[in-house]
file run.cif (mmCIF, C-alpha atoms)
data_target
loop_
_atom_site.group_PDB
_atom_site.id
_atom_site.type_symbol
_atom_site.label_atom_id
_atom_site.label_comp_id
_atom_site.auth_asym_id
_atom_site.auth_seq_id
_atom_site.Cartn_x
_atom_site.Cartn_y
_atom_site.Cartn_z
ATOM 1 C CA PHE A 1 10.264 17.085 0.855
ATOM 2 C CA ALA A 2 11.185 17.081 4.516
ATOM 3 C CA ARG A 3 7.771 16.137 5.880
ATOM 4 C CA THR A 4 8.981 15.740 9.475
ATOM 5 C CA SER A 5 10.855 19.053 9.596
ATOM 6 C CA LEU A 6 7.936 20.965 8.083
ATOM 7 C CA GLY A 7 5.711 19.591 10.831
ATOM 8 C CA ARG A 8 7.871 20.952 13.645
ATOM 9 C CA ALA A 9 7.652 24.582 14.726
ATOM 10 C CA SER A 10 11.389 24.891 15.383
ATOM 11 C CA LEU A 11 12.368 23.450 11.988
ATOM 12 C CA CYS A 12 9.508 24.602 9.784
ATOM 13 C CA ARG A 13 10.942 27.932 8.622
ATOM 14 C CA PRO A 14 14.376 26.721 7.419
ATOM 15 C CA ALA A 15 12.799 23.618 5.873
ATOM 16 C CA LEU A 16 10.264 25.745 3.993
ATOM 17 C CA CYS A 17 12.995 28.108 2.750
ATOM 18 C CA SER A 18 15.059 25.161 1.536
ATOM 19 C CA LEU A 19 12.065 23.600 -0.191
ATOM 20 C CA SER A 20 11.133 26.920 -1.834
ATOM 21 C CA LYS A 21 14.654 27.342 -3.201
ATOM 22 C CA GLU A 22 14.737 23.807 -4.553
ATOM 23 C CA VAL A 23 11.343 24.032 -6.232
ATOM 24 C CA ARG A 24 12.042 27.440 -7.801
ATOM 25 C CA GLU A 25 15.124 26.054 -9.509
ATOM 26 C CA GLU A 26 12.768 24.003 -11.676
ATOM 27 C CA ARG A 27 11.466 26.259 -14.461
ATOM 28 C CA ASP A 28 8.712 25.828 -17.018
ATOM 29 C CA VAL A 29 7.166 22.919 -15.173
ATOM 30 C CA VAL A 30 3.550 21.938 -14.837
ATOM 31 C CA PHE A 31 2.556 20.902 -11.337
ATOM 32 C CA ARG A 32 -0.374 18.507 -10.920
ATOM 33 C CA ASP A 33 -1.508 18.066 -7.366
ATOM 34 C CA MET A 34 -2.380 14.391 -6.876
ATOM 35 C CA PRO A 35 -2.746 14.247 -3.072
ATOM 36 C CA ALA A 36 -5.291 17.117 -3.261
ATOM 37 C CA LEU A 37 -4.077 18.534 0.055
ATOM 38 C CA LEU A 38 -3.208 22.074 1.093
ATOM 39 C CA ARG A 39 0.454 21.273 1.732
ATOM 40 C CA SER A 40 0.958 19.683 -1.691
ATOM 41 C CA ALA A 41 -0.842 22.602 -3.393
ATOM 42 C CA VAL A 42 1.472 25.053 -1.598
ATOM 43 C CA VAL A 43 4.518 23.172 -2.915
ATOM 44 C CA GLY A 44 3.226 23.692 -6.453
ATOM 45 C CA ALA A 45 2.556 27.375 -5.798
ATOM 46 C CA LEU A 46 6.225 27.833 -4.853
ATOM 47 C CA ALA A 47 7.362 26.823 -8.353
ATOM 48 C CA ARG A 48 8.172 29.423 -11.028
ATOM 49 C CA GLY A 49 6.140 27.560 -13.606
ATOM 50 C CA PRO A 50 2.383 27.873 -14.185
ATOM 51 C CA LEU A 51 0.070 27.686 -11.212
ATOM 52 C CA PRO A 52 -0.688 24.068 -10.400
ATOM 53 C CA PHE A 53 -3.589 22.026 -11.597
ATOM 54 C CA GLY A 54 -5.585 19.905 -9.214
ATOM 55 C CA PRO A 55 -8.902 18.126 -8.715
ATOM 56 C CA ALA A 56 -12.051 20.189 -9.026
ATOM 57 C CA HIS A 57 -13.092 18.822 -5.633
ATOM 58 C CA PRO A 58 -9.918 18.330 -3.557
ATOM 59 C CA ARG A 59 -9.905 16.494 -0.241
ATOM 60 C CA GLU A 60 -8.985 19.771 1.455
ATOM 61 C CA SER A 61 -11.135 22.451 -0.187
ATOM 62 C CA CYS A 62 -8.694 25.281 0.606
ATOM 63 C CA ALA A 63 -6.165 23.654 -1.757
ATOM 64 C CA ARG A 64 -8.359 24.803 -4.654
ATOM 65 C CA LEU A 65 -7.196 28.389 -4.024
ATOM 66 C CA PHE A 66 -3.792 27.474 -5.478
ATOM 67 C CA TYR A 67 -5.028 25.764 -8.649
ATOM 68 C CA ARG A 68 -5.025 27.320 -12.075
ATOM 69 C CA ARG A 69 -7.804 24.967 -13.111
ATOM 70 C CA GLY A 70 -9.731 22.164 -11.494
ATOM 71 C CA LEU A 71 -9.658 18.819 -13.274
ATOM 72 C CA SER A 72 -12.580 16.423 -13.644
ATOM 73 C CA ASP A 73 -12.351 12.904 -12.236
ATOM 74 C CA GLY A 74 -15.111 11.702 -14.560
ATOM 75 C CA GLY A 75 -17.060 10.246 -11.649
ATOM 76 C CA ALA A 76 -14.378 7.636 -10.932
ATOM 77 C CA ILE A 77 -14.105 6.110 -7.445
ATOM 78 C CA HIS A 78 -10.750 4.328 -7.076
ATOM 79 C CA ALA A 79 -7.759 6.658 -6.663
ATOM 80 C CA VAL A 80 -5.994 5.177 -9.695
ATOM 81 C CA ASP A 81 -9.021 5.758 -11.927
ATOM 82 C CA VAL A 82 -9.514 9.240 -10.446
ATOM 83 C CA ASN A 83 -5.956 10.291 -11.228
ATOM 84 C CA ASN A 84 -6.031 8.743 -14.688
ATOM 85 C CA ALA A 85 -9.267 10.601 -15.444
ATOM 86 C CA MET A 86 -7.821 13.912 -14.274
ATOM 87 C CA MET A 87 -4.689 13.380 -16.364
ATOM 88 C CA SER A 88 -6.901 12.697 -19.383
ATOM 89 C CA ASP A 89 -8.783 15.921 -18.669
ATOM 90 C CA PHE A 90 -5.518 17.848 -18.359
ATOM 91 C CA LEU A 91 -4.198 16.466 -21.667
ATOM 92 C CA GLY A 92 -7.541 16.792 -23.399
ATOM 93 C CA THR A 93 -7.718 13.179 -24.530
ATOM 94 C CA LYS A 94 -9.274 9.903 -23.464
ATOM 95 C CA ASP A 95 -7.237 7.634 -25.723
ATOM 96 C CA LEU A 96 -4.083 7.278 -23.645
ATOM 97 C CA ASP A 97 -3.227 4.039 -21.853
ATOM 98 C CA PHE A 98 -1.981 4.859 -18.353
ATOM 99 C CA SER A 99 -1.291 1.250 -17.377
ATOM 100 C CA PHE A 100 2.294 0.189 -16.770
ATOM 101 C CA VAL A 101 4.370 -2.895 -16.229
ATOM 102 C CA LEU A 102 6.745 -3.213 -13.288
ATOM 103 C CA PRO A 103 9.621 -5.074 -14.977
ATOM 104 C CA ARG A 104 11.980 -7.417 -13.196
ATOM 105 C CA ASN A 105 14.994 -5.526 -11.850
ATOM 106 C CA PRO A 106 18.159 -7.651 -12.155
ATOM 107 C CA ALA A 107 19.976 -5.381 -9.699
ATOM 108 C CA PHE A 108 17.662 -6.513 -6.887
ATOM 109 C CA ALA A 109 16.625 -9.940 -8.146
ATOM 110 C CA GLY A 110 19.783 -11.487 -6.695
ATOM 111 C CA GLU A 111 19.052 -10.023 -3.268
ATOM 112 C CA ALA A 112 15.522 -11.417 -3.422
ATOM 113 C CA ALA A 113 16.733 -14.858 -4.494
ATOM 114 C CA GLU A 114 19.098 -15.058 -1.516
ATOM 115 C CA LEU A 115 16.332 -14.095 0.895
ATOM 116 C CA LEU A 116 13.752 -16.427 -0.614
ATOM 117 C CA ALA A 117 16.262 -19.253 -0.272
ATOM 118 C CA LEU A 118 15.817 -18.838 3.488
ATOM 119 C CA ALA A 119 12.121 -19.689 3.252
ATOM 120 C CA PRO A 120 11.009 -23.100 4.525
ATOM 121 C CA LYS A 121 11.155 -25.794 1.866
ATOM 122 C CA SER A 122 7.958 -26.131 -0.134
ATOM 123 C CA PRO A 123 6.925 -27.304 -3.617
ATOM 124 C CA ASN A 124 5.336 -23.893 -4.166
ATOM 125 C CA PRO A 125 6.571 -20.296 -3.778
ATOM 126 C CA PRO A 126 6.129 -18.970 -0.234
ATOM 127 C CA ILE A 127 3.204 -16.896 0.930
ATOM 128 C CA ALA A 128 4.337 -13.379 1.862
ATOM 129 C CA VAL A 129 2.948 -11.758 4.998
ATOM 130 C CA ALA A 130 3.339 -8.006 5.570
ATOM 131 C CA PRO A 131 1.971 -7.228 9.069
ATOM 132 C CA GLY A 132 2.904 -3.531 9.186
ATOM 133 C CA ALA A 133 1.077 -0.324 8.275
ATOM 134 C CA ARG A 134 1.617 3.412 8.747
ATOM 135 C CA TRP A 135 -1.482 3.891 10.906
ATOM 136 C CA ALA A 136 -2.041 1.982 14.120
ATOM 137 C CA THR A 137 -5.674 1.483 13.117
ATOM 138 C CA LYS A 138 -4.674 -0.127 9.809
ATOM 139 C CA GLN A 139 -2.429 -2.618 11.554
ATOM 140 C CA TRP A 140 -4.124 -5.860 12.545
ATOM 141 C CA PRO A 141 -2.494 -7.470 15.602
ATOM 142 C CA PRO A 142 0.198 -10.165 15.276
ATOM 143 C CA GLU A 143 -2.197 -12.648 16.906
ATOM 144 C CA PHE A 144 -4.526 -12.294 13.916
ATOM 145 C CA PHE A 145 -1.815 -13.013 11.362
ATOM 146 C CA ALA A 146 -0.483 -15.945 13.399
ATOM 147 C CA ARG A 147 -3.936 -17.530 13.540
ATOM 148 C CA VAL A 148 -4.498 -17.018 9.802
ATOM 149 C CA MET A 149 -1.138 -18.612 9.010
ATOM 150 C CA ASP A 150 -1.847 -21.574 11.290
ATOM 151 C CA GLU A 151 -5.258 -22.034 9.653
ATOM 152 C CA ILE A 152 -3.593 -22.085 6.232
ATOM 153 C CA ALA A 153 -0.957 -24.543 7.471
ATOM 154 C CA GLU A 154 -3.729 -26.785 8.789
ATOM 155 C CA ARG A 155 -5.219 -26.968 5.301
ATOM 156 C CA ARG A 156 -1.890 -26.951 3.440
ATOM 157 C CA PRO A 157 0.825 -28.574 5.564
ATOM 158 C CA ASP A 158 3.533 -27.889 2.965
ATOM 159 C CA ALA A 159 2.830 -24.132 2.849
ATOM 160 C CA ALA A 160 5.779 -21.850 3.557
ATOM 161 C CA PHE A 161 5.630 -18.222 4.718
ATOM 162 C CA VAL A 162 7.975 -15.231 4.698
ATOM 163 C CA ALA A 163 7.390 -12.137 6.848
ATOM 164 C CA LEU A 164 8.234 -8.840 5.140
ATOM 165 C CA GLY A 165 8.506 -5.265 6.351
ATOM 166 C CA THR A 166 10.809 -2.513 7.582
ATOM 167 C CA LYS A 167 13.215 -2.626 10.502
ATOM 168 C CA ASP A 168 10.624 -0.775 12.597
ATOM 169 C CA GLU A 169 8.148 -3.572 11.892
ATOM 170 C CA ALA A 170 10.580 -6.321 12.910
ATOM 171 C CA PRO A 171 8.992 -6.689 16.386
ATOM 172 C CA LEU A 172 5.665 -7.479 14.707
ATOM 173 C CA ALA A 173 7.223 -10.245 12.641
ATOM 174 C CA ALA A 174 9.110 -11.600 15.668
ATOM 175 C CA ARG A 175 5.863 -11.709 17.625
ATOM 176 C CA ILE A 176 4.114 -13.579 14.815
ATOM 177 C CA SER A 177 6.969 -16.084 14.628
ATOM 178 C CA SER A 178 6.655 -16.722 18.361
ATOM 179 C CA LEU A 179 2.890 -17.232 18.172
ATOM 180 C CA VAL A 180 2.537 -19.613 15.231
ATOM 181 C CA ARG A 181 2.140 -23.273 16.119
ATOM 182 C CA LYS A 182 1.901 -25.009 12.748
ATOM 183 C CA ALA A 183 2.949 -22.468 10.145
ATOM 184 C CA ARG A 184 6.558 -22.515 8.953
ATOM 185 C CA VAL A 185 7.804 -18.950 8.552
ATOM 186 C CA ALA A 186 11.085 -17.192 7.735
ATOM 187 C CA ASP A 187 11.392 -13.727 9.246
ATOM 188 C CA LEU A 188 12.814 -11.397 6.556
ATOM 189 C CA CYS A 189 11.553 -8.188 8.159
ATOM 190 C CA GLY A 190 14.081 -5.354 7.870
ATOM 191 C CA ARG A 191 16.372 -7.347 5.582
ATOM 192 C CA THR A 192 15.254 -6.020 2.199
ATOM 193 C CA THR A 193 15.999 -2.822 0.360
ATOM 194 C CA LEU A 194 13.016 -1.191 -1.337
ATOM 195 C CA GLY A 195 13.970 -2.771 -4.653
ATOM 196 C CA GLY A 196 14.622 -6.051 -2.889
ATOM 197 C CA LEU A 197 11.162 -5.936 -1.341
ATOM 198 C CA VAL A 198 9.585 -5.583 -4.781
ATOM 199 C CA GLU A 199 11.524 -8.523 -6.188
ATOM 200 C CA THR A 200 10.880 -10.651 -3.090
ATOM 201 C CA ILE A 201 7.142 -10.108 -3.408
ATOM 202 C CA ARG A 202 7.462 -10.996 -7.097
ATOM 203 C CA GLY A 203 8.933 -14.339 -6.069
ATOM 204 C CA CYS A 204 6.054 -15.169 -3.708
ATOM 205 C CA SER A 205 2.753 -16.778 -4.558
ATOM 206 C CA LEU A 206 0.504 -14.316 -2.713
ATOM 207 C CA LEU A 207 0.596 -11.437 -0.224
ATOM 208 C CA LEU A 208 -1.405 -11.357 3.019
ATOM 209 C CA CYS A 209 -1.362 -7.842 4.440
ATOM 210 C CA ASN A 210 -2.977 -4.750 5.879
ATOM 211 C CA ASP A 211 -3.750 -1.629 3.840
ATOM 212 C CA SER A 212 -0.102 -0.752 3.214
ATOM 213 C CA GLY A 213 2.633 -0.029 0.700
ATOM 214 C CA PRO A 214 3.505 -3.708 0.085
ATOM 215 C CA MET A 215 -0.150 -4.260 -0.831
ATOM 216 C CA HIS A 216 0.152 -1.789 -3.711
ATOM 217 C CA VAL A 217 3.491 -3.312 -4.766
ATOM 218 C CA ALA A 218 1.865 -6.749 -4.997
ATOM 219 C CA ALA A 219 -1.039 -5.297 -6.982
ATOM 220 C CA ALA A 220 1.379 -3.627 -9.409
ATOM 221 C CA LEU A 221 3.103 -6.983 -9.831
ATOM 222 C CA LYS A 222 -0.305 -8.587 -10.497
ATOM 223 C CA LYS A 223 0.185 -10.893 -7.526
ATOM 224 C CA PRO A 224 -2.876 -12.190 -5.662
ATOM 225 C CA VAL A 225 -3.578 -10.061 -2.586
ATOM 226 C CA VAL A 226 -5.571 -10.743 0.564
ATOM 227 C CA ALA A 227 -5.867 -7.455 2.457
ATOM 228 C CA VAL A 228 -7.640 -6.447 5.659
ATOM 229 C CA PHE A 229 -9.360 -3.053 5.685
ATOM 230 C CA GLY A 230 -10.988 -1.175 8.564
ATOM 231 C CA PRO A 231 -10.461 2.586 8.883
ATOM 232 C CA THR A 232 -9.939 3.182 5.149
ATOM 233 C CA ASP A 233 -12.073 2.580 2.067
ATOM 234 C CA PRO A 234 -11.020 -0.314 -0.197
ATOM 235 C CA GLU A 235 -13.237 1.010 -2.991
ATOM 236 C CA LYS A 236 -11.027 4.105 -3.146
ATOM 237 C CA THR A 237 -7.573 2.838 -2.201
ATOM 238 C CA GLY A 238 -7.789 -0.948 -2.248
ATOM 239 C CA PRO A 239 -5.400 -3.156 -4.258
ATOM 240 C CA TYR A 240 -5.713 -2.233 -7.936
ATOM 241 C CA CYS A 241 -5.591 -5.721 -9.390
ATOM 242 C CA GLU A 242 -7.906 -8.514 -10.467
ATOM 243 C CA LYS A 243 -6.864 -11.298 -8.100
ATOM 244 C CA LYS A 244 -7.700 -9.993 -4.671
ATOM 245 C CA SER A 245 -9.808 -10.641 -1.614
ATOM 246 C CA ILE A 246 -10.593 -7.746 0.700
ATOM 247 C CA LEU A 247 -11.685 -8.521 4.245
ATOM 248 C CA VAL A 248 -13.792 -5.828 5.896
ATOM 249 C CA PRO A 249 -15.140 -6.111 9.463
ATOM 250 C CA ASP A 250 -18.884 -6.153 10.010
ATOM 251 C CA SER A 251 -18.762 -3.058 12.177
ATOM 252 C CA ALA A 252 -20.538 0.289 12.174
ATOM 253 C CA CYS A 253 -17.314 2.239 12.685
ATOM 254 C CA ILE A 254 -15.385 1.107 9.603
ATOM 255 C CA ARG A 255 -14.132 3.728 7.140
ATOM 256 C CA CYS A 256 -13.643 6.114 10.067
ATOM 257 C CA PHE A 257 -10.251 7.307 8.698
ATOM 258 C CA LYS A 258 -8.895 7.576 12.232
ATOM 259 C CA ARG A 259 -5.184 7.012 12.652
ATOM 260 C CA TYR A 260 -5.574 6.020 16.304
ATOM 261 C CA CYS A 261 -8.328 4.246 18.197
ATOM 262 C CA VAL A 262 -8.357 3.209 21.846
ATOM 263 C CA GLU A 263 -10.470 0.078 21.426
ATOM 264 C CA SER A 264 -10.023 -0.819 17.720
ATOM 265 C CA PRO A 265 -13.093 -3.106 17.659
ATOM 266 C CA CYS A 266 -12.601 -3.843 13.952
ATOM 267 C CA HIS A 267 -9.355 -5.701 14.735
ATOM 268 C CA SER A 268 -11.302 -8.483 16.399
ATOM 269 C CA ALA A 269 -14.171 -8.515 13.904
ATOM 270 C CA VAL A 270 -12.465 -10.432 11.086
ATOM 271 C CA ASP A 271 -12.499 -14.214 11.348
ATOM 272 C CA PRO A 272 -8.999 -15.671 10.773
ATOM 273 C CA ARG A 273 -10.636 -18.753 9.261
ATOM 274 C CA ALA A 274 -12.331 -16.577 6.634
ATOM 275 C CA ALA A 275 -8.984 -14.948 5.863
ATOM 276 C CA ALA A 276 -7.324 -18.355 5.509
ATOM 277 C CA GLN A 277 -10.114 -19.503 3.216
ATOM 278 C CA ALA A 278 -9.639 -16.403 1.051
ATOM 279 C CA VAL A 279 -5.912 -17.145 0.759
ATOM 280 C CA CYS A 280 -6.480 -20.771 -0.204
ATOM 281 C CA GLU A 281 -9.099 -19.880 -2.815
ATOM 282 C CA LEU A 282 -6.799 -17.347 -4.467
ATOM 283 C CA LEU A 283 -3.920 -19.811 -4.454
ATOM 284 C CA ASP A 284 -6.084 -22.418 -6.177
ATOM 285 C CA ASP A 285 -7.092 -19.822 -8.768
ATOM 286 C CA ASN A 286 -3.455 -18.953 -9.553
ATOM 287 C CA PRO A 287 -2.550 -20.342 -13.013
ATOM 288 C CA GLY A 288 0.602 -22.414 -13.094
ATOM 289 C CA ARG A 289 0.423 -23.339 -9.446
ATOM 290 C CA PRO A 290 -0.435 -26.947 -8.500
ATOM 291 C CA LYS A 291 -3.804 -27.248 -6.785
ATOM 292 C CA GLN A 292 -3.934 -29.074 -3.487
#
call {"tool": "encode", "arguments": {"input": "run.cif", "output": "structure tokens"}}
result
Amino acid sequence: FARTSLGRASLCRPALCSLSKEVREERDVVFRDMPALLRSAVVGALARGPLPFGPAHPRESCARLFYRRGLSDGGAIHAVDVNNAMMSDFLGTKDLDFSFVLPRNPAFAGEAAELLALAPKSPNPPIAVAPGARWATKQWPPEFFARVMDEIAERRPDAAFVALGTKDEAPLAARISSLVRKARVADLCGRTTLGGLVETIRGCSLLLCNDSGPMHVAAALKKPVVAVFGPTDPEKTGPYCEKKSILVPDSACIRCFKRYCVESPCHSAVDPRAAAQAVCELLDDNPGRPKQ
């Protein structure tokens, strides 16, 4: 739905009318509110089908007013496990396998191959770096990523890097490229489609990132992930995969869930050398990849 228009007073009414018309065209549907927010519950209430289902304890308690029945999360913590548990409760079974495989997409594999060919020459697949994030507080500064990459290059001189992200995040990647002293990096920021981004990450050995969309893509692809967390909770929304290393600052203000922060002390509380060590350890633990 038109999130931006619904958030503006001058555009809210026509956007809501358009959304209501679109949703009501769908009949006999069951709406399950996964975000557990008031706005998503309202979208379900607009439908002609049954009243929506949602979590018994939604993030915004007023959303419960729109639910036909609250669903149990079974005491799960991570968002994936929470949603799987609620779907099991809705279907009345615990025997379903909700896991999935993200298959290779030939339509975008060619795009990814062309972009990865731009990476610096290396005997191993490049290390992907995604420096962007939706919240300013989730986004570690370019200086941090540049130092981590240089630390890795110090330990692995033949390592190659590719910077990934949207066009809006291109200045971050350009800044990183200007700061690195030893790391060899190809700036691919803004050059991938969404499908191309998935296939490019598939072709890399590991992803170094903030708490962001590319992090979840890498986890779905079962790629090793090294992610930095500060304002959000990795136990609830961290990378849902086995091969991961989550770096959390030793600070009293972490998990604040603030989108903006004047000082952002957590951004200087993670040691780039520790991040580089985490990357190298995961690379060495990656089957099929030569150890160095």
call {"tool": "atom_distance", "arguments": {"input": "run.cif", "atom1": "CA of Ala109 in chain A", "atom2": "CA of Lys244 in chain A"}}
result
24.6 Å
call {"tool": "resolve_selection", "arguments": {"input": "run.cif", "expression": "the PyMOL selection byres ((chain A and resi 243) around 12)", "output": "JSON, numbers by chain"}}
result
{"A": [205, 206, 207, 218, 219, 220, 221, 222, 223, 224, 225, 226, 227, 238, 239, 240, 241, 242, 244, 245, 246, 278, 279, 281, 282, 283, 284, 285, 286, 287]}
call {"tool": "residues_around", "arguments": {"input": "run.cif", "residues": "Tyr260 in chain A", "least_positions_apart": "5", "cutoff": "10 Å", "atoms": "all atoms listed in the file", "output": "PDB file with C-alpha atoms, keeping the file's coordinate frame"}}
result
ATOM      1  CA  TRP A 135      -1.482   3.891  10.906  1.00  0.00           C
ATOM      2  CA  ALA A 136      -2.041   1.982  14.120  1.00  0.00           C
ATOM      3  CA  THR A 137      -5.674   1.483  13.117  1.00  0.00           C
ATOM      4  CA  LYS A 138      -4.674  -0.127   9.809  1.00  0.00           C
ATOM      5  CA  PRO A 231     -10.461   2.586   8.883  1.00  0.00           C
TER       6      PRO A 231
END
call {"tool": "atom_distance", "arguments": {"input": "run.cif", "atom1": "CA of Asn105 in chain A", "atom2": "CA of Glu199 in chain A"}}
result
7.3 Å
call {"tool": "resolve_selection", "arguments": {"input": "run.cif", "expression": "the PyMOL selection byres ((chain A and resi 148) around 8)", "output": "VMD selection string"}}
result
chain A and resid 144 to 147 149 to 152 272 to 273 275 to 276
call {"tool": "write_last_selection", "arguments": {"input": "run.cif", "atoms": "C-alpha atoms", "output": "mmCIF file, in the frame of the given file"}}
result
data_model
loop_
_atom_site.group_PDB
_atom_site.id
_atom_site.type_symbol
_atom_site.label_atom_id
_atom_site.label_comp_id
_atom_site.auth_asym_id
_atom_site.auth_seq_id
_atom_site.Cartn_x
_atom_site.Cartn_y
_atom_site.Cartn_z
ATOM 1 C CA PHE A 144 -4.526 -12.294 13.916
ATOM 2 C CA PHE A 145 -1.815 -13.013 11.362
ATOM 3 C CA ALA A 146 -0.483 -15.945 13.399
ATOM 4 C CA ARG A 147 -3.936 -17.530 13.540
ATOM 5 C CA MET A 149 -1.138 -18.612 9.010
ATOM 6 C CA ASP A 150 -1.847 -21.574 11.290
ATOM 7 C CA GLU A 151 -5.258 -22.034 9.653
ATOM 8 C CA ILE A 152 -3.593 -22.085 6.232
ATOM 9 C CA PRO A 272 -8.999 -15.671 10.773
ATOM 10 C CA ARG A 273 -10.636 -18.753 9.261
ATOM 11 C CA ALA A 275 -8.984 -14.948 5.863
ATOM 12 C CA ALA A 276 -7.324 -18.355 5.509
#
call {"tool": "atom_distance", "arguments": {"input": "run.cif", "atom1": "CA of Leu172 in chain A", "atom2": "CA of Gly132 in chain A"}}
result
7.3 Å
call {"tool": "residues_around", "arguments": {"input": "run.cif", "residues": "Ser40 in chain A", "least_positions_apart": "2", "cutoff": "12 Å", "atoms": "only C-alpha atoms", "output": "list in words"}}
result
Phe1, Arg3, Leu19, Phe31, Arg32, Asp33, Met34, Pro35, Ala36, Leu37, Leu38, Val42, Val43, Gly44, Ala45, Leu46, Ala47, Pro52, Phe53, Gly54, Pro58, Arg59, Glu60, Cys62, Ala63, Arg64, Phe66 and Tyr67 of chain A
call {"tool": "write_last_selection", "arguments": {"input": "run.cif", "atoms": "C-alpha atoms", "output": "mmCIF file, in the coordinates of the input"}}
result
data_model
loop_
_atom_site.group_PDB
_atom_site.id
_atom_site.type_symbol
_atom_site.label_atom_id
_atom_site.label_comp_id
_atom_site.auth_asym_id
_atom_site.auth_seq_id
_atom_site.Cartn_x
_atom_site.Cartn_y
_atom_site.Cartn_z
ATOM 1 C CA PHE A 1 10.264 17.085 0.855
ATOM 2 C CA ARG A 3 7.771 16.137 5.880
ATOM 3 C CA LEU A 19 12.065 23.600 -0.191
ATOM 4 C CA PHE A 31 2.556 20.902 -11.337
ATOM 5 C CA ARG A 32 -0.374 18.507 -10.920
ATOM 6 C CA ASP A 33 -1.508 18.066 -7.366
ATOM 7 C CA MET A 34 -2.380 14.391 -6.876
ATOM 8 C CA PRO A 35 -2.746 14.247 -3.072
ATOM 9 C CA ALA A 36 -5.291 17.117 -3.261
ATOM 10 C CA LEU A 37 -4.077 18.534 0.055
ATOM 11 C CA LEU A 38 -3.208 22.074 1.093
ATOM 12 C CA VAL A 42 1.472 25.053 -1.598
ATOM 13 C CA VAL A 43 4.518 23.172 -2.915
ATOM 14 C CA GLY A 44 3.226 23.692 -6.453
ATOM 15 C CA ALA A 45 2.556 27.375 -5.798
ATOM 16 C CA LEU A 46 6.225 27.833 -4.853
ATOM 17 C CA ALA A 47 7.362 26.823 -8.353
ATOM 18 C CA PRO A 52 -0.688 24.068 -10.400
ATOM 19 C CA PHE A 53 -3.589 22.026 -11.597
ATOM 20 C CA GLY A 54 -5.585 19.905 -9.214
ATOM 21 C CA PRO A 58 -9.918 18.330 -3.557
ATOM 22 C CA ARG A 59 -9.905 16.494 -0.241
ATOM 23 C CA GLU A 60 -8.985 19.771 1.455
ATOM 24 C CA CYS A 62 -8.694 25.281 0.606
ATOM 25 C CA ALA A 63 -6.165 23.654 -1.757
ATOM 26 C CA ARG A 64 -8.359 24.803 -4.654
ATOM 27 C CA PHE A 66 -3.792 27.474 -5.478
ATOM 28 C CA TYR A 67 -5.028 25.764 -8.649
#
call {"tool": "resolve_selection", "arguments": {"input": "run.cif", "expression": "the PyMOL selection byres ((chain A and resi 236) around 6)", "output": "PyMOL selection string"}}
result
chain A and resi 77-79+233-235+237
call {"tool": "closest_residue", "arguments": {"input": "run.cif", "among": "A:Ser268, A:Thr200, A:Gln277, A:Ser122", "to": "Gly230 in chain A", "atoms": "only C-alpha atoms"}}
result
A:Ser268
call {"tool": "closest_residue", "arguments": {"input": "run.cif", "among": "A:Leu91, A:Arg69, A:Gln139, A:Asn210", "to": "Ser264 in chain A", "atoms": "all atoms listed in the file"}}
result
A:Gln139
call {"tool": "axis_aligned_box", "arguments": {"input": "run.cif", "around": "range 87-91 of chain A", "padding_each_side": "8 Å", "output": "AutoDock Vina command-line options"}}
result
--center_x -6.5 --center_y 15.3 --center_z -19.0 --size_x 20.6 --size_y 21.2 --size_z 21.3
call {"tool": "residues_around", "arguments": {"input": "run.cif", "residues": "Val270 in chain A", "least_positions_apart": "4", "cutoff": "9 Å", "atoms": "all atoms listed in the file", "output": "short mmCIF file (atom, residue, chain, number, x, y, z; two decimals) with C-alpha atoms, in the frame of the given file"}}
result
data_model
loop_
_atom_site.label_atom_id
_atom_site.label_comp_id
_atom_site.auth_asym_id
_atom_site.auth_seq_id
_atom_site.Cartn_x
_atom_site.Cartn_y
_atom_site.Cartn_z
CA PHE A 144 -4.53 -12.29 13.92
CA VAL A 228 -7.64 -6.45 5.66
CA LEU A 247 -11.68 -8.52 4.24
CA VAL A 248 -13.79 -5.83 5.90
CA PRO A 249 -15.14 -6.11 9.46
CA ASP A 250 -18.88 -6.15 10.01
CA CYS A 266 -12.60 -3.84 13.95
CA ALA A 274 -12.33 -16.58 6.63
CA ALA A 275 -8.98 -14.95 5.86
#
call {"tool": "residues_around", "arguments": {"input": "run.cif", "residues": "range 156-161 of chain A", "least_positions_apart": "5", "cutoff": "8 Å", "atoms": "only C-alpha atoms", "output": "number ranges by chain"}}
result
A: 119-129, 183-186, 292
call {"tool": "closest_residue", "arguments": {"input": "run.cif", "among": "A:Val101, A:Val82, A:Leu11, A:Cys261", "to": "Ala56 in chain A", "atoms": "only C-alpha atoms"}}
result
A:Val82
call {"tool": "residues_around", "arguments": {"input": "run.cif", "residues": "Glu111 in chain A", "least_positions_apart": "3", "cutoff": "6 Å", "atoms": "all atoms listed in the file", "output": "JSON, numbers by chain"}}
result
{"A": [108, 114, 196]}
call {"tool": "closest_residue", "arguments": {"input": "run.cif", "among": "A:Cys209, A:Asp89, A:Lys94, A:Leu179", "to": "Ala163 in chain A", "atoms": "all atoms listed in the file"}}
result
A:Cys209
